[in-house]
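Chemist: File follows, structure_3.cif with mmCIF, C-alpha atoms:
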```cif
data_protein
loop_
_atom_site.label_atom_id
_atom_site.label_comp_id
_atom_site.auth_asym_id
_atom_site.auth_seq_id
_atom_site.Cartn_x
_atom_site.Cartn_y
_atom_site.Cartn_z
CA LYS E 7 114.86 99.84 -24.86
CA LYS E 8 115.53 102.68 -22.44
CA SER E 9 115.75 100.25 -19.49
CA PHE E 10 118.02 97.97 -21.52
CA ARG E 11 120.44 100.84 -22.24
CA TYR E 12 120.33 101.88 -18.58
CA ILE E 13 121.22 98.35 -17.45
CA ALA E 14 124.09 98.15 -19.94
CA CYS E 15 125.50 101.55 -18.90
CA LEU E 16 125.19 100.75 -15.19
CA GLN E 17 126.99 97.42 -15.51
CA LEU E 18 129.72 98.99 -17.68
CA LEU E 19 130.17 101.72 -15.06
CA TRP E 20 130.49 99.17 -12.25
CA PHE E 21 132.91 97.14 -14.32
CA SER E 22 135.08 100.15 -15.23
CA LEU E 23 135.27 101.24 -11.58
CA GLY E 24 136.57 97.82 -10.59
CA LEU E 25 133.57 97.00 -8.40
CA PHE E 26 133.60 93.57 -9.98
CA GLY E 27 136.29 91.59 -11.74
CA THR E 28 139.38 89.92 -10.35
CA GLN E 29 140.11 92.84 -8.02
CA ALA E 30 136.73 92.44 -6.27
CA ASN E 31 136.65 89.67 -3.70
CA VAL E 32 133.66 87.46 -3.01
CA GLN E 33 132.93 89.39 0.18
CA LEU E 34 132.31 92.77 -1.51
CA THR E 35 130.54 91.21 -4.48
CA LEU E 36 128.17 89.67 -1.92
CA VAL E 37 127.51 93.12 -0.43
CA TYR E 38 126.65 94.62 -3.81
CA TRP E 39 124.16 91.94 -4.70
CA VAL E 40 122.59 91.74 -1.24
CA ALA E 41 121.87 95.47 -1.55
CA ILE E 42 120.38 94.99 -5.01
CA PHE E 43 118.15 92.11 -3.91
CA ILE E 44 116.96 93.96 -0.79
CA ILE E 45 115.84 96.84 -2.99
CA PHE E 46 114.22 94.45 -5.48
CA ILE E 47 112.32 92.53 -2.78
CA SER E 48 111.11 95.76 -1.15
CA TYR E 49 110.04 97.17 -4.51
CA SER E 50 108.26 93.94 -5.46
CA LEU E 51 106.34 93.67 -2.17
CA HIS E 52 105.26 97.30 -2.48
CA LYS E 53 104.00 96.86 -6.05
CA ILE E 54 102.27 93.56 -5.31
CA SER E 55 100.49 95.10 -2.32
CA LYS E 56 99.20 97.81 -4.68
CA HIS E 57 98.21 95.16 -7.26
CA ASP E 58 100.59 96.86 -9.70
CA PHE E 59 101.75 93.65 -11.34
CA SER E 60 102.98 95.43 -14.46
CA SER E 61 105.62 97.33 -12.45
CA PHE E 62 106.51 94.13 -10.58
CA PHE E 63 107.19 92.25 -13.83
CA ASN E 64 109.18 95.19 -15.20
CA GLY E 65 111.29 95.19 -12.05
CA THR E 66 111.83 91.43 -12.36
CA LYS E 67 112.88 91.86 -15.98
CA PHE E 68 115.25 94.66 -14.99
CA LEU E 69 116.93 92.48 -12.35
CA THR E 70 117.16 89.49 -14.69
CA PHE E 71 118.89 91.48 -17.43
CA SER E 72 121.19 93.03 -14.81
CA ILE E 73 122.30 89.56 -13.73
CA ILE E 74 122.81 88.51 -17.36
CA PHE E 75 124.93 91.58 -18.14
CA PHE E 76 126.92 91.05 -14.95
CA GLY E 77 127.60 87.46 -15.99
CA LEU E 78 128.68 88.42 -19.50
CA LEU E 79 131.02 91.21 -18.39
CA ASN E 80 132.60 89.11 -15.64
CA PHE E 81 132.59 85.81 -17.50
CA TYR E 82 136.40 85.72 -17.67
CA TRP E 83 136.84 85.51 -13.88
CA LEU E 84 133.57 83.87 -12.87
CA ILE E 85 134.34 80.66 -14.79
CA PRO E 86 137.61 79.87 -12.96
CA THR E 87 136.25 81.20 -9.64
CA ILE E 88 132.91 79.41 -9.28
CA PRO E 89 134.39 75.86 -9.16
CA GLN E 90 136.72 77.07 -6.40
CA LEU E 91 134.04 78.61 -4.17
CA THR E 92 133.59 75.53 -2.00
CA SER E 93 137.28 75.37 -1.14
CA TYR E 94 137.26 79.15 -0.75
CA PHE E 95 134.57 78.99 1.94
CA GLN E 96 136.12 75.95 3.61
CA HIS E 97 139.45 77.71 3.71
CA TYR E 98 137.88 80.84 5.16
CA SER E 99 136.00 78.82 7.76
CA GLY E 100 139.27 77.20 8.77
CA LEU E 101 141.18 80.47 8.91
CA ALA E 102 141.33 80.19 12.72
CA GLU E 103 143.79 77.33 12.32
CA THR E 104 146.31 79.51 10.51
CA ALA E 105 145.79 83.09 11.69
CA PHE E 106 144.02 85.25 14.27
CA SER E 107 140.97 84.03 16.19
CA PRO E 108 138.11 81.63 15.41
CA ASN E 109 135.57 83.14 13.01
CA ILE E 110 132.74 83.25 15.53
CA GLU E 111 134.93 85.13 18.04
CA VAL E 112 135.90 87.70 15.41
CA TYR E 113 132.23 88.01 14.43
CA ILE E 114 131.17 88.62 18.04
CA GLN E 115 134.00 91.08 18.56
CA ASN E 116 133.05 93.10 15.46
CA SER E 117 129.31 93.14 16.19
CA VAL E 118 128.09 96.67 16.96
CA PHE E 119 125.44 97.78 19.44
CA LEU E 120 122.55 99.64 17.79
CA ASN E 121 123.20 102.87 19.69
CA GLY E 122 126.61 102.95 18.04
CA ALA E 123 125.49 101.70 14.63
CA ILE E 124 122.94 104.49 14.11
CA ARG E 125 125.76 107.00 14.77
CA LEU E 126 128.18 105.17 12.41
CA MET E 127 130.27 104.25 15.45
CA GLY E 128 130.87 101.20 17.61
CA TYR E 129 133.93 99.61 15.98
CA TRP E 130 135.65 97.67 18.78
CA ALA E 131 139.19 98.77 17.89
CA PHE E 132 138.30 102.47 17.95
CA ASN E 133 138.55 102.60 21.73
CA GLY E 134 140.72 99.51 21.93
CA THR E 135 144.24 99.17 23.30
CA TRP E 136 146.91 96.53 23.10
CA GLN E 137 149.91 96.20 25.43
CA GLY E 138 149.60 99.80 26.57
CA GLY E 139 149.13 101.38 23.15
CA GLU E 140 145.98 102.79 21.54
CA TYR E 141 144.82 101.74 18.10
CA TYR E 142 143.44 105.25 17.47
CA THR E 143 145.17 107.96 19.48
CA TYR E 144 142.33 110.46 18.99
CA ALA E 145 139.53 108.09 20.08
CA SER E 146 139.42 109.44 23.63
CA SER E 147 138.07 112.76 22.30
CA TYR E 148 134.87 111.01 21.25
CA SER E 149 134.13 109.92 24.83
CA SER E 150 133.26 113.47 25.93
CA TYR E 151 129.62 114.38 26.49
CA LEU E 152 129.84 117.07 23.81
CA MET E 153 130.97 114.64 21.09
CA ILE E 154 128.38 112.04 22.14
CA ILE E 155 125.59 114.62 21.90
CA ILE E 156 126.85 115.83 18.49
CA SER E 157 127.02 112.25 17.20
CA PHE E 158 123.28 111.85 17.84
CA LEU E 159 122.67 114.58 15.26
CA ILE E 160 123.32 111.87 12.66
CA PRO E 161 120.34 109.62 13.55
CA ALA E 162 118.23 112.74 14.20
CA MET E 163 118.83 113.95 10.63
CA VAL E 164 118.23 110.41 9.33
CA ILE E 165 114.79 110.33 11.00
CA LEU E 166 113.91 113.68 9.43
CA GLY E 167 115.23 112.40 6.10
CA ILE E 168 113.02 109.30 6.29
CA ARG E 169 109.98 111.50 6.88
CA LYS E 170 110.88 113.45 3.75
CA LEU E 171 111.19 110.38 1.52
CA LYS E 172 108.70 109.98 -1.29
CA SER E 173 107.88 107.40 -3.94
CA LYS E 174 110.81 105.20 -5.05
CA ALA E 175 113.17 106.81 -2.53
CA LEU E 176 111.29 104.86 0.16
CA LEU E 177 113.36 101.86 -0.94
CA LEU E 178 116.22 103.34 1.07
CA ILE E 179 114.40 102.50 4.30
CA PRO E 180 114.59 98.66 4.11
CA LEU E 181 118.17 98.91 2.86
CA TYR E 182 119.10 101.15 5.80
CA PHE E 183 117.50 98.90 8.41
CA ALA E 184 118.95 95.79 6.77
CA GLY E 185 122.41 97.35 7.11
CA LEU E 186 121.78 98.10 10.79
CA PHE E 187 120.51 94.57 11.41
CA LEU E 188 123.56 93.01 9.75
CA ILE E 189 126.24 95.09 11.49
CA LYS E 190 124.70 94.63 14.95
CA GLY E 191 125.63 90.96 14.60
CA VAL E 192 124.96 88.95 17.75
CA HIS E 193 123.53 91.86 19.71
CA SER E 194 119.82 92.32 20.39
CA PRO E 195 117.26 92.49 18.99
CA LEU E 196 117.18 89.05 17.36
CA GLY E 197 120.94 88.62 17.49
CA TRP E 198 120.49 84.85 17.54
CA ILE E 199 119.30 84.98 13.91
CA ASN E 200 122.54 86.56 12.72
CA GLU E 201 124.59 84.14 14.79
CA TYR E 202 122.72 81.14 13.38
CA VAL E 203 123.14 82.32 9.77
CA PHE E 204 126.81 83.10 10.33
CA THR E 205 127.53 79.75 11.95
CA ASN E 206 125.67 77.60 9.41
CA PHE E 207 126.35 79.41 6.11
CA SER E 208 130.04 79.74 5.33
CA LEU E 209 129.27 82.33 2.65
CA PHE E 210 128.53 84.87 5.39
CA GLN E 211 131.72 83.99 7.23
CA THR E 212 133.61 85.89 4.56
CA GLY E 213 132.09 89.00 6.16
CA ARG E 214 133.06 88.22 9.73
CA ASN E 215 134.28 91.82 10.17
CA VAL E 216 130.65 92.88 9.99
CA ILE E 217 131.02 96.62 10.50
CA LEU E 218 133.65 96.79 7.76
CA THR E 219 131.57 94.63 5.41
CA TRP E 220 127.91 95.50 5.93
CA GLY E 221 128.66 98.97 7.26
CA LEU E 222 128.80 100.03 3.61
CA LEU E 223 125.02 99.69 3.37
CA THR E 224 124.43 101.75 6.52
CA ALA E 225 126.94 104.44 5.56
CA LEU E 226 125.47 104.78 2.06
CA CYS E 227 121.89 105.13 3.28
CA THR E 228 122.88 107.36 6.20
CA SER E 229 124.66 109.83 3.91
CA LEU E 230 121.61 110.17 1.65
CA LEU E 231 119.07 110.36 4.49
CA PHE E 232 121.28 112.79 6.43
CA GLY E 233 121.31 115.14 3.44
CA LEU E 234 117.52 114.97 3.16
CA GLY E 235 117.20 115.63 6.88
CA VAL E 236 119.41 118.72 6.68
CA GLY E 237 117.32 119.86 3.72
CA SER E 238 114.13 119.54 5.77
CA ILE E 239 115.71 121.68 8.52
CA TYR E 240 116.55 124.32 5.92
CA GLU E 241 112.97 124.31 4.61
CA TRP E 242 111.45 124.52 8.11
CA LEU E 243 113.68 127.44 9.11
CA SER E 244 112.93 129.22 5.84
CA LYS E 245 109.19 128.79 6.45
CA HIS E 246 109.40 130.16 10.01
CA SER E 247 112.07 132.80 9.43
CA LYS E 248 109.56 135.63 9.97
CA THR E 249 108.51 134.17 13.30
CA ILE E 250 112.07 133.62 14.49
CA LYS E 251 113.06 137.12 13.28
CA LEU E 252 116.71 136.29 12.70
CA PRO E 253 118.22 137.08 9.30
CA PHE E 254 119.55 134.12 7.33
CA ILE E 255 118.43 131.73 10.06
CA ASN E 256 118.02 128.93 7.48
CA ILE E 257 121.62 129.26 6.31
CA ILE E 258 122.92 129.67 9.87
CA GLY E 259 121.01 126.61 11.12
CA VAL E 260 122.24 124.33 8.35
CA SER E 261 125.81 125.68 8.66
CA VAL E 262 125.87 124.92 12.39
CA ILE E 263 124.69 121.32 11.82
CA LEU E 264 127.25 120.72 9.08
CA PHE E 265 130.04 122.28 11.14
CA LEU E 266 129.23 120.13 14.17
CA VAL E 267 128.92 116.84 12.25
CA ILE E 268 131.51 117.29 9.50
CA GLY E 269 133.88 119.79 11.07
CA LEU E 270 133.89 118.88 14.76
CA LEU E 271 132.87 115.21 14.69
CA GLY E 272 135.17 114.58 11.73
CA PHE E 273 138.10 116.60 13.08
CA PRO E 274 140.75 113.87 12.47
CA PHE E 275 140.32 114.37 8.72
CA PHE E 276 141.23 118.05 9.04
CA THR E 277 143.99 117.78 11.66
CA GLY E 278 145.71 114.92 9.85
CA ASP E 279 145.24 112.53 12.78
CA ILE E 280 143.34 110.17 10.48
CA ILE E 281 146.78 109.20 9.12
CA ARG E 282 147.96 107.05 11.96
CA SER E 283 151.18 107.63 13.84
CA PRO E 284 153.10 104.90 15.69
CA THR E 285 151.98 104.14 19.24
CA ALA E 286 153.48 102.35 22.21
CA ASN E 287 154.62 98.76 21.68
CA ILE E 288 153.83 98.97 17.96
CA THR E 289 150.05 98.78 18.53
CA THR E 290 149.83 100.76 15.30
CA VAL E 291 152.59 101.32 12.79
CA ASP E 292 153.32 104.73 11.29
CA ALA E 293 151.16 105.15 8.17
CA ARG E 294 153.91 107.37 6.78
CA PHE E 295 156.62 105.04 5.58
CA GLU E 296 159.77 105.23 3.51
CA VAL E 297 160.29 102.56 0.86
CA PRO E 298 163.87 101.22 0.87
CA GLU E 299 165.96 102.10 -2.17
CA TYR E 300 166.50 98.44 -3.09
CA TYR E 301 162.85 98.17 -4.21
CA TYR E 302 163.61 100.69 -6.93
CA ASP E 303 166.68 98.65 -7.87
CA PHE E 304 164.40 95.62 -8.10
CA LYS E 305 162.07 97.55 -10.42
CA LYS E 306 164.95 98.37 -12.77
CA PHE E 307 166.09 94.75 -12.75
CA ILE E 308 162.62 93.38 -13.53
CA GLU E 309 162.10 95.86 -16.35
CA SER E 310 165.39 94.72 -17.89
CA GLU E 311 164.33 91.06 -17.93
CA GLN E 312 162.83 89.59 -21.09
CA GLY E 313 160.07 87.03 -21.53
CA ASP E 314 156.81 86.13 -19.84
CA PHE E 315 157.31 85.33 -16.16
CA ARG E 316 155.77 85.69 -12.73
CA ILE E 317 157.25 86.63 -9.37
CA LEU E 318 156.93 84.57 -6.20
CA ALA E 319 157.48 86.60 -3.01
CA LEU E 320 158.77 84.55 -0.08
CA PRO E 321 157.85 83.88 2.62
CA LEU E 322 154.13 83.73 1.74
CA HIS E 323 152.03 85.68 4.22
CA LYS E 324 149.24 83.72 5.87
CA ALA E 325 146.82 86.60 6.42
CA GLY E 326 147.32 88.84 3.38
CA ASN E 327 149.51 91.44 5.07
CA GLY E 328 153.18 91.33 5.94
CA PHE E 329 155.29 93.05 8.62
CA PHE E 330 158.43 94.74 7.31
CA ASN E 331 161.28 96.09 9.41
CA TRP E 332 161.75 99.31 7.45
CA THR E 333 163.00 102.58 8.93
CA HIS E 334 159.48 103.63 9.94
CA GLY E 335 158.01 100.13 9.77
CA TYR E 336 155.38 98.89 7.35
CA VAL E 337 152.35 96.63 7.65
CA GLY E 338 150.39 95.88 4.51
CA PRO E 339 150.28 93.98 1.21
CA GLU E 340 153.48 92.79 -0.38
CA PRO E 341 155.08 95.99 -1.81
CA LEU E 342 156.57 94.14 -4.78
CA VAL E 343 153.20 94.33 -6.55
CA TYR E 344 153.71 98.10 -6.90
CA PHE E 345 157.14 97.71 -8.49
CA SER E 346 156.38 95.22 -11.22
CA ASN E 347 153.97 94.95 -14.13
CA ASN E 348 154.31 91.18 -13.95
CA PRO E 349 152.02 89.04 -11.77
CA VAL E 350 153.20 88.69 -8.16
CA VAL E 351 152.13 85.78 -5.96
CA TYR E 352 152.69 86.99 -2.43
CA SER E 353 150.08 85.60 -0.03
CA ASN E 354 147.41 83.06 0.61
CA ASN E 355 144.64 85.66 0.53
CA LEU E 356 141.89 83.04 0.06
CA SER E 357 141.15 84.15 -3.52
CA PRO E 358 140.51 81.22 -5.87
CA MET E 359 142.38 83.10 -8.60
CA PHE E 360 145.52 83.23 -6.46
CA LYS E 361 145.03 79.60 -5.49
CA LEU E 362 145.05 78.54 -9.14
CA LEU E 363 148.09 80.68 -9.83
CA GLY E 364 149.90 79.23 -6.83
CA GLU E 365 149.13 75.68 -7.96
CA SER E 366 150.73 76.41 -11.32
CA PHE E 367 154.02 76.99 -9.50
CA GLY E 368 153.63 73.53 -7.98
CA ASN E 369 152.99 71.98 -11.38
CA HIS E 370 156.05 73.69 -12.81
CA PRO E 371 158.57 73.97 -9.94
CA ILE E 372 161.24 76.67 -10.03
CA SER E 373 164.67 75.29 -10.79
CA LYS E 374 167.54 76.05 -8.41
CA GLN E 375 169.40 77.79 -11.21
CA SER E 376 166.62 80.37 -11.60
CA ILE E 377 166.64 81.45 -7.95
#
```
Translate this structure into structure tokens?
Modeler:
Amino acid sequence: KKSFRYIACLQLLWFSLGLFGTQANVQLTLVYWVAIFIIFISYSLHKISKHDFSSFFNGTKFLTFSIIFFGLLNFYWLIPTIPQLTSYFQHYSGLAETAFSPNIEVYIQNSVFLNGAIRLMGYWAFNGTWQGGEYYTYASSYSSYLMIIISFLIPAMVILGIRKLKSKALLLIPLYFAGLFLIKGVHSPLGWINEYVFTNFSLFQTGRNVILTWGLLTALCTSLLFGLGVGSIYEWLSKHSKTIKLPFINIIGVSVILFLVIGLLGFPFFTGDIIRSPTANITTVDARFEVPEYYYDFKKFIESEQGDFRILALPLHKAGNGFFNWTHGYVGPEPLVYFSNNPVVYSNNLSPMFKLLGESFGNHPISKQSI
């Protein structure tokens, strides 16, 4: 009964946070369940090796009920989505015909070398440029020897954190290494496995931006293991404080590590540089933008209209984001969605739900008088 209540509460929490439902795309839903199954498989192999079949069956029951609760809570969007999955994957596989580069090229471009992955770095655009402009103006600071050395504190703390793991927390280890293996993509070791899976299973092509998709697993595990590693440093310094003969050495040691990793390595968060400014030749658009006044006029007009209706924003964007010639520029989702409580169809974002909604416009064309 206790496990049953835990499953119900966990699924309700996920549902309330919007981790599933119509706002969650297939790509992120895949990440959630891959993480869950990696933990389940690791747990099962561990219990079977110990001949603890009772715990194995309890774990299987826990997973089964989790899937059932997930299905019940998300029944309203799974039913219309599942029949559309084939076209969803086919459309995503053929995205190269309508926007950007072929999937395999994007996958190769976003693959991260292991020496960058273990430091939560390696994203191609971080040090990238386009027509003379930088994508991230502060990226050059991370090329210094000092920042490179500091960045290796992250895997160092992770190693110490792994040594500190006990019992069920050991399940973080396979999840962490699975995340590293997935975001390294085509790079060695065994990069050919990832490339084969990506090429032959269209489901995984939805995560062609591997570091942005599977990096969630690595970042989650790294944060937990990093904290455990820092804790082990604190305990070691406390134990040897009499030998070192420096007052508060445990607090000083931990404070230095946190300052270097969070304060110095994460300086763009504190200087405000993380909010991008425009660069040469519009490589990046100013993240600070000013919404034109006529959008607020549109909001008043829509609120004054009666009846049940939907809004079609034209032209439809092929890749989900649009480019707007505002005072400071704007690149992002159609802004009309933030100015109306009515449904807005604004892009072919590969979601089966949007596809069905778009088809309904075709079945019931808009009359000239209503435009």
Chemist: Could you expand the PyMOL selection byres ((chain E and resi 334) around 8) into the explicit residues it covers here, written as a list of chain:residue names?
Modeler: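 So the PyMOL selection byres ((chain E and resi 334) around 8), applied here, picks out E:Val291, E:Asp292, E:Arg294, E:Phe295, E:Glu296, E:Asn331, E:Trp332, E:Thr333, E:Gly335, E:Tyr336.
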Chemist: Just so the selection is clear, what residues does the PyMOL selection byres ((chain E and resi 166) around 12) cover here, as a ChimeraX atom specification?
Modeler: /E:159-165,167-171,228,230-242
Chemist: On this structure, which residues satisfy the PyMOL selection byres ((chain E and resi 271-277) around 8), written as an MDAnalysis selection string?
Modeler: chainID E and resid 144 153 156:157 266:270 278:280
Chemist: So, counting all atoms listed in the file, which residue among E:Val350, E:Leu51, E:Cys15, E:Leu36 is closest to Leu177 in chain E?
Modeler: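 Ranked by minimum distance to Leu177 in chain E, first place goes to E:Leu51.
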Chemist: Point out the residue among E:Ser194, E:Asn80, E:Ser310, E:Asn200 with the least atom-to-atom distance to Ile110 in chain E, counting all atoms listed in the file.
Modeler: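 Using all atoms listed in the file, Ile110 in chain E sits closest to E:Asn200.
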Chemist: For a test of reading the model, state the distance in Å between CA of Leu186 in chain E and CA of Gly65 in chain E, rounded to one decimal.
Modeler: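 Answer for the CA of Leu186 in chain E to CA of Gly65 in chain E separation: 25.3 Å.
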Chemist: Enter the distance from CA of Ser50 in chain E to CA of Thr66 in chain E, in Å, rounded to one decimal.
Modeler: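 Distance reported for this atom pair: 8.2 Å.
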Chemist: Could you work out an axis-aligned bounding box for all listed atoms of range 128-135 of chain E, with 4 Å added on each of the six sides, and give its centre and edge lengths in Å to one decimal, as JSON?
Modeler:
```
{"center_x": 137.6, "center_y": 100.1, "center_z": 19.6, "size_x": 21.4, "size_y": 12.9, "size_z": 15.3}
```
Chemist: Counting only C-alpha atoms, what is within 8 Å of Leu243 in chain E, bar same-chain residues fewer than 6 positions away, as a ChimeraX atom specification?
Modeler: /E:255-256,259
Chemist: Report, in Å with one decimal, the straight-line distance from CA of Ser149 in chain E to CA of Thr135 in chain E.
Modeler: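 Distance reported for this atom pair: 14.8 Å.
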Chemist: Fewer than 2 positions away in the same chain doesn't count, so skip those; otherwise give me all residues within 7 Å of Ile217 in chain E, counting only C-alpha atoms, as a list in words.
Modeler: Asn116, Ser117, Tyr129, Ile189, Asn215, Thr219, Trp220 and Gly221 of chain E
Chemist: List as a ChimeraX atom specification the protein and nucleic acid residues near Val343 in chain E, meaning an atom at most 12 Å away when only C-alpha atoms are counted, but skip any in the same chain fewer than 3 places from it.
Modeler: /E:301,304-305,308,316-319,338-340,346-353
Chemist: For range 124-187 of chain E, write C-alpha atoms out as an mmCIF file, in the first residue's frame.
Modeler:
```
data_model
loop_
_atom_site.group_PDB
_atom_site.id
_atom_site.type_symbol
_atom_site.label_atom_id
_atom_site.label_comp_id
_atom_site.auth_asym_id
_atom_site.auth_seq_id
_atom_site.Cartn_x
_atom_site.Cartn_y
_atom_site.Cartn_z
ATOM 1 C CA ILE E 124 32.497 14.983 -18.024
ATOM 2 C CA ARG E 125 32.929 18.739 -17.447
ATOM 3 C CA LEU E 126 29.385 19.528 -18.708
ATOM 4 C CA MET E 127 30.948 21.280 -21.690
ATOM 5 C CA GLY E 128 31.552 20.568 -25.361
ATOM 6 C CA TYR E 129 28.488 22.128 -27.025
ATOM 7 C CA TRP E 130 29.626 23.017 -30.551
ATOM 8 C CA ALA E 131 27.968 26.449 -30.629
ATOM 9 C CA PHE E 132 29.623 27.573 -27.395
ATOM 10 C CA ASN E 133 32.853 28.416 -29.188
ATOM 11 C CA GLY E 134 31.177 28.725 -32.572
ATOM 12 C CA THR E 135 30.992 31.741 -34.853
ATOM 13 C CA TRP E 136 28.938 32.647 -37.873
ATOM 14 C CA GLN E 137 29.774 35.374 -40.407
ATOM 15 C CA GLY E 138 32.119 37.102 -37.992
ATOM 16 C CA GLY E 139 29.874 36.998 -34.927
ATOM 17 C CA GLU E 140 30.098 34.800 -31.827
ATOM 18 C CA TYR E 141 27.165 32.771 -30.567
ATOM 19 C CA TYR E 142 28.333 33.274 -26.967
ATOM 20 C CA THR E 143 30.402 36.415 -26.452
ATOM 21 C CA TYR E 144 31.857 35.199 -23.141
ATOM 22 C CA ALA E 145 32.978 31.780 -24.450
ATOM 23 C CA SER E 146 36.570 32.894 -25.030
ATOM 24 C CA SER E 147 37.052 33.235 -21.257
ATOM 25 C CA TYR E 148 36.681 29.469 -20.898
ATOM 26 C CA SER E 149 39.668 28.820 -23.174
ATOM 27 C CA SER E 150 42.162 30.046 -20.563
ATOM 28 C CA TYR E 151 44.267 27.498 -18.703
ATOM 29 C CA LEU E 152 42.800 28.640 -15.390
ATOM 30 C CA MET E 153 39.194 27.967 -16.448
ATOM 31 C CA ILE E 154 40.127 24.607 -17.998
ATOM 32 C CA ILE E 155 41.818 23.515 -14.766
ATOM 33 C CA ILE E 156 38.836 24.687 -12.680
ATOM 34 C CA SER E 157 36.410 22.835 -14.955
ATOM 35 C CA PHE E 158 38.160 19.547 -14.124
ATOM 36 C CA LEU E 159 37.097 20.024 -10.503
ATOM 37 C CA ILE E 160 33.669 18.822 -11.650
ATOM 38 C CA PRO E 161 34.727 15.285 -12.704
ATOM 39 C CA ALA E 162 37.123 15.165 -9.731
ATOM 40 C CA MET E 163 34.238 15.763 -7.304
ATOM 41 C CA VAL E 164 32.095 13.267 -9.255
ATOM 42 C CA ILE E 165 34.748 10.554 -8.775
ATOM 43 C CA LEU E 166 34.866 11.273 -5.043
ATOM 44 C CA GLY E 167 31.064 11.243 -4.982
ATOM 45 C CA ILE E 168 30.936 7.831 -6.659
ATOM 46 C CA ARG E 169 33.305 6.446 -4.022
ATOM 47 C CA LYS E 170 30.947 7.740 -1.344
ATOM 48 C CA LEU E 171 27.837 6.114 -2.825
ATOM 49 C CA LYS E 172 26.155 3.382 -0.840
ATOM 50 C CA SER E 173 23.247 0.987 -1.298
ATOM 51 C CA LYS E 174 20.481 2.194 -3.638
ATOM 52 C CA ALA E 175 22.380 5.392 -4.485
ATOM 53 C CA LEU E 176 24.702 3.203 -6.569
ATOM 54 C CA LEU E 177 21.962 3.281 -9.223
ATOM 55 C CA LEU E 178 23.198 6.760 -10.118
ATOM 56 C CA ILE E 179 26.356 5.265 -11.614
ATOM 57 C CA PRO E 180 24.794 3.453 -14.630
ATOM 58 C CA LEU E 181 22.517 6.441 -15.223
ATOM 59 C CA TYR E 182 25.509 8.795 -15.216
ATOM 60 C CA PHE E 183 27.561 6.685 -17.615
ATOM 61 C CA ALA E 184 24.538 6.103 -19.853
ATOM 62 C CA GLY E 185 24.139 9.876 -20.125
ATOM 63 C CA LEU E 186 27.813 10.266 -21.038
ATOM 64 C CA PHE E 187 27.573 7.495 -23.630
#
```
